[in-house]
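S.K.: Attaching a single structure in structure tokens format; questions to follow.
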Amino acid sequence: EELIVQTEHMSKLHSQSVNTVRLPTILTGNKKNNYEAHVFCTYLRMGRNQDIVDNTGAGGIRASVDPGTGIVRTNGADNANMKHVNHPDTGIPIKGFQIPRWEEAVNMVKELALVIPAIRYVCWDCALTESGWVLVEANSNGQINHEQACDLKGKREELDTLCRQI
């Protein structure tokens with residue numbers, strides 16, 4: 001695998017790690033009625049300290065992202081549920097941070113979701129490079145509870161609505 005070099009804007013959050021965005025998709029419809037990919041429960045993942053990874057299991061911070069705009073809508077939170085208004089290492093305000101080229105990220109994962117339509121639910125971890133968005137990994141059993149922990153709102157109703165369309 002080649003080295004992922006994130007954009008300067010994303011690096012401002014935490015330069016030691018590649019800060020990624022998790023974009024879960026649910027694929028509704030069928031071959032006959034056209035599949036449609038829906039993006040929901042999106043969140044930003046940021047590294048901490050000198051760690052080179054951004055996941056919360058390694059001490060990282062997460063924050064909920066508005067799936068329609070790419071604007072971070074909550075303060076950050078870590079696995080100990082400590083809240084962070086600003087990134088503790090860089091001082092960058094978390095809530096209100098605009099993720100650049102958001103529509104491109106959303107469109108990319110919607111296209112990826114159609115590649116293997118038998119897999120209806122995937123969490124896509126994506127990073128922004130100067131060349132555009134790249135896929136870091138895809139998780140067929142990724143969690144949405146991290147996004148729920150950020151904004152303290154359940155996602156059951158939204159998830160049930162999407163699942164009824166499968």
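Chain labels A, B, ... are given in the sequence in which chains occur in the structure tokens; within each chain residues are numbered consecutively from 1, and ligands are likewise numbered from 1 in the order shown.
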Which residues come within 9 Å of region 80-93 of chain A, counting only C-alpha atoms, excluding same-chain residues fewer than 2 positions away, as an mmCIF file with all heavy atoms, in the first residue's frame?
M.R.:
data_model
loop_
_atom_site.group_PDB
_atom_site.id
_atom_site.type_symbol
_atom_site.label_atom_id
_atom_site.label_comp_id
_atom_site.auth_asym_id
_atom_site.auth_seq_id
_atom_site.Cartn_x
_atom_site.Cartn_y
_atom_site.Cartn_z
ATOM 1 N N LYS A 12 -4.308 19.885 9.859
ATOM 2 C CA LYS A 12 -4.379 20.873 10.946
ATOM 3 C C LYS A 12 -4.986 20.269 12.211
ATOM 4 O O LYS A 12 -4.638 20.659 13.320
ATOM 5 C CB LYS A 12 -5.203 22.086 10.523
ATOM 6 C CG LYS A 12 -4.516 22.973 9.529
ATOM 7 C CD LYS A 12 -5.423 24.125 9.140
ATOM 8 C CE LYS A 12 -4.785 24.969 8.054
ATOM 9 N NZ LYS A 12 -5.666 26.047 7.613
ATOM 10 N N LEU A 13 -5.876 19.306 12.037
ATOM 11 C CA LEU A 13 -6.513 18.665 13.196
ATOM 12 C C LEU A 13 -5.491 17.886 14.020
ATOM 13 O O LEU A 13 -5.456 17.982 15.234
ATOM 14 C CB LEU A 13 -7.634 17.725 12.739
ATOM 15 C CG LEU A 13 -8.858 18.396 12.141
ATOM 16 C CD1 LEU A 13 -9.714 17.384 11.408
ATOM 17 C CD2 LEU A 13 -9.657 19.100 13.235
ATOM 18 N N HIS A 14 -4.696 17.082 13.322
ATOM 19 C CA HIS A 14 -3.661 16.263 13.964
ATOM 20 C C HIS A 14 -2.763 15.748 12.853
ATOM 21 O O HIS A 14 -3.199 14.931 12.027
ATOM 22 C CB HIS A 14 -4.307 15.103 14.732
ATOM 23 C CG HIS A 14 -3.326 14.264 15.485
ATOM 24 N ND1 HIS A 14 -2.872 13.058 15.008
ATOM 25 C CD2 HIS A 14 -2.703 14.469 16.668
ATOM 26 C CE1 HIS A 14 -2.023 12.539 15.882
ATOM 27 N NE2 HIS A 14 -1.891 13.381 16.894
ATOM 28 N N SER A 15 -1.534 16.225 12.816
ATOM 29 C CA SER A 15 -0.662 15.920 11.674
ATOM 30 C C SER A 15 0.029 14.560 11.768
ATOM 31 O O SER A 15 0.491 14.032 10.757
ATOM 32 C CB SER A 15 0.391 17.016 11.499
ATOM 33 O OG SER A 15 1.227 17.084 12.640
ATOM 34 N N MET A 46 -10.051 11.552 14.546
ATOM 35 C CA MET A 46 -8.807 12.308 14.655
ATOM 36 C C MET A 46 -7.858 11.612 15.618
ATOM 37 O O MET A 46 -8.278 11.124 16.656
ATOM 38 C CB MET A 46 -9.094 13.712 15.202
ATOM 39 C CG MET A 46 -10.042 14.535 14.357
ATOM 40 S SD MET A 46 -10.801 15.883 15.306
ATOM 41 C CE MET A 46 -12.185 15.001 16.059
ATOM 42 N N ARG A 48 -4.485 11.408 18.267
ATOM 43 C CA ARG A 48 -4.091 12.139 19.479
ATOM 44 C C ARG A 48 -2.631 11.875 19.769
ATOM 45 O O ARG A 48 -2.082 10.839 19.374
ATOM 46 C CB ARG A 48 -4.868 11.634 20.695
ATOM 47 C CG ARG A 48 -6.283 12.041 20.871
ATOM 48 C CD ARG A 48 -6.514 13.392 21.474
ATOM 49 N NE ARG A 48 -5.586 13.887 22.472
ATOM 50 C CZ ARG A 48 -5.693 13.716 23.782
ATOM 51 N NH1 ARG A 48 -6.666 13.021 24.288
ATOM 52 N NH2 ARG A 48 -4.801 14.246 24.601
ATOM 53 N N ASN A 49 -2.050 12.791 20.513
ATOM 54 C CA ASN A 49 -0.670 12.668 20.966
ATOM 55 C C ASN A 49 0.241 12.382 19.774
ATOM 56 O O ASN A 49 0.101 12.992 18.734
ATOM 57 C CB ASN A 49 -0.560 11.611 22.061
ATOM 58 C CG ASN A 49 -1.453 11.942 23.244
ATOM 59 O OD1 ASN A 49 -1.466 13.084 23.701
ATOM 60 N ND2 ASN A 49 -2.212 10.973 23.716
ATOM 61 N N GLY A 59 -6.964 5.839 21.414
ATOM 62 C CA GLY A 59 -6.933 7.142 22.083
ATOM 63 C C GLY A 59 -7.404 8.297 21.234
ATOM 64 O O GLY A 59 -7.353 9.451 21.665
ATOM 65 N N ILE A 61 -10.042 10.710 18.812
ATOM 66 C CA ILE A 61 -11.254 11.480 19.092
ATOM 67 C C ILE A 61 -12.190 11.344 17.898
ATOM 68 O O ILE A 61 -11.751 11.278 16.751
ATOM 69 C CB ILE A 61 -10.902 12.971 19.302
ATOM 70 C CG1 ILE A 61 -9.940 13.128 20.472
ATOM 71 C CG2 ILE A 61 -12.151 13.805 19.516
ATOM 72 C CD1 ILE A 61 -9.356 14.525 20.584
ATOM 73 N N THR A 74 -20.728 18.341 16.289
ATOM 74 C CA THR A 74 -20.604 18.128 17.731
ATOM 75 C C THR A 74 -19.174 18.405 18.165
ATOM 76 O O THR A 74 -18.263 18.466 17.342
ATOM 77 C CB THR A 74 -20.941 16.681 18.134
ATOM 78 O OG1 THR A 74 -19.952 15.801 17.570
ATOM 79 C CG2 THR A 74 -22.333 16.253 17.691
ATOM 80 N N ASN A 75 -18.994 18.554 19.449
ATOM 81 C CA ASN A 75 -17.649 18.570 19.995
ATOM 82 C C ASN A 75 -17.084 17.162 19.856
ATOM 83 O O ASN A 75 -17.811 16.217 19.582
ATOM 84 C CB ASN A 75 -17.671 19.001 21.461
ATOM 85 C CG ASN A 75 -18.070 20.462 21.610
ATOM 86 O OD1 ASN A 75 -17.694 21.303 20.805
ATOM 87 N ND2 ASN A 75 -18.828 20.764 22.644
ATOM 88 N N GLY A 76 -15.801 17.022 20.073
ATOM 89 C CA GLY A 76 -15.175 15.712 20.000
ATOM 90 C C GLY A 76 -15.421 14.920 21.268
ATOM 91 O O GLY A 76 -15.754 15.462 22.321
ATOM 92 N N ALA A 77 -15.260 13.608 21.160
ATOM 93 C CA ALA A 77 -15.378 12.707 22.311
ATOM 94 C C ALA A 77 -14.392 11.563 22.117
ATOM 95 O O ALA A 77 -14.125 11.142 20.992
ATOM 96 C CB ALA A 77 -16.799 12.168 22.439
ATOM 97 N N ASP A 78 -13.847 11.075 23.227
ATOM 98 C CA ASP A 78 -12.944 9.930 23.144
ATOM 99 C C ASP A 78 -13.627 8.718 23.765
ATOM 100 O O ASP A 78 -14.794 8.784 24.152
ATOM 101 C CB ASP A 78 -11.598 10.234 23.800
ATOM 102 C CG ASP A 78 -11.712 10.645 25.256
ATOM 103 O OD1 ASP A 78 -12.682 10.237 25.938
ATOM 104 O OD2 ASP A 78 -10.823 11.377 25.724
ATOM 105 N N LYS A 95 -16.104 21.385 16.630
ATOM 106 C CA LYS A 95 -17.452 21.680 16.144
ATOM 107 C C LYS A 95 -17.383 22.843 15.161
ATOM 108 O O LYS A 95 -16.736 23.854 15.417
ATOM 109 C CB LYS A 95 -18.369 22.028 17.315
ATOM 110 C CG LYS A 95 -19.815 22.173 16.950
ATOM 111 C CD LYS A 95 -20.653 22.393 18.197
ATOM 112 C CE LYS A 95 -22.116 22.505 17.867
ATOM 113 N NZ LYS A 95 -22.908 22.730 19.103
ATOM 114 N N GLY A 96 -18.010 22.667 14.008
ATOM 115 C CA GLY A 96 -17.995 23.692 12.977
ATOM 116 C C GLY A 96 -16.902 23.500 11.931
ATOM 117 O O GLY A 96 -16.889 24.198 10.916
ATOM 118 N N PHE A 97 -15.995 22.545 12.161
ATOM 119 C CA PHE A 97 -14.931 22.273 11.197
ATOM 120 C C PHE A 97 -15.564 21.785 9.894
ATOM 121 O O PHE A 97 -16.374 20.857 9.899
ATOM 122 C CB PHE A 97 -13.976 21.213 11.762
ATOM 123 C CG PHE A 97 -12.792 20.906 10.892
ATOM 124 C CD1 PHE A 97 -11.639 21.680 10.991
ATOM 125 C CD2 PHE A 97 -12.808 19.854 10.001
ATOM 126 C CE1 PHE A 97 -10.524 21.402 10.201
ATOM 127 C CE2 PHE A 97 -11.706 19.568 9.211
ATOM 128 C CZ PHE A 97 -10.562 20.350 9.310
ATOM 129 N N ALA A 149 -22.610 8.290 20.071
ATOM 130 C CA ALA A 149 -21.951 8.759 21.292
ATOM 131 C C ALA A 149 -21.560 10.227 21.190
ATOM 132 O O ALA A 149 -21.468 10.913 22.202
ATOM 133 C CB ALA A 149 -20.721 7.903 21.588
ATOM 134 N N CYS A 150 -21.354 10.709 19.978
ATOM 135 C CA CYS A 150 -20.967 12.114 19.797
ATOM 136 C C CYS A 150 -22.133 13.058 20.018
ATOM 137 O O CYS A 150 -21.998 14.067 20.692
ATOM 138 C CB CYS A 150 -20.420 12.337 18.389
ATOM 139 S SG CYS A 150 -18.900 11.457 18.042
#
S.K.: I'd like the neighbourhood of Ala127 (chain A) as an MDAnalysis selection string, where a residue qualifies if any of its atoms comes within 7 Å (using only C-alpha atoms), though same-chain residues fewer than 6 positions away should be ignored.
M.R.: chainID A and resid 6 18:21 133:136
S.K.: What's the separation between CA of Val53 (chain A) and CA of Ile119 (chain A), in Å to one decimal place?
M.R.: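 For CA of Val53 (chain A) relative to CA of Ile119 (chain A), the distance reads 26.8 Å.
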S.K.: For Ser11 (chain A), which residue out of A:Leu128, A:Ala113, A:Cys41, A:Ala105 is the nearest one, using only C-alpha atoms?
M.R.: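 Checking each of A:Leu128, A:Ala113, A:Cys41, A:Ala105 against Ser11 (chain A), counting only C-alpha atoms, the winner is A:Leu128.
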S.K.: Which of region 92-145 of chain A end up as helix (DSSP H, G or I) when DSSP is run on this backbone - answer as a count of residues only?
M.R.: 13
S.K.: Apply DSSP to the backbone of this structure and, from region 31-87 of chain A, keep only the residues in strand (DSSP E or B); write these as a ChimeraX atom specification.
M.R.: /A:36-39,43-46,61-65,71-72,76-77,83-84,86
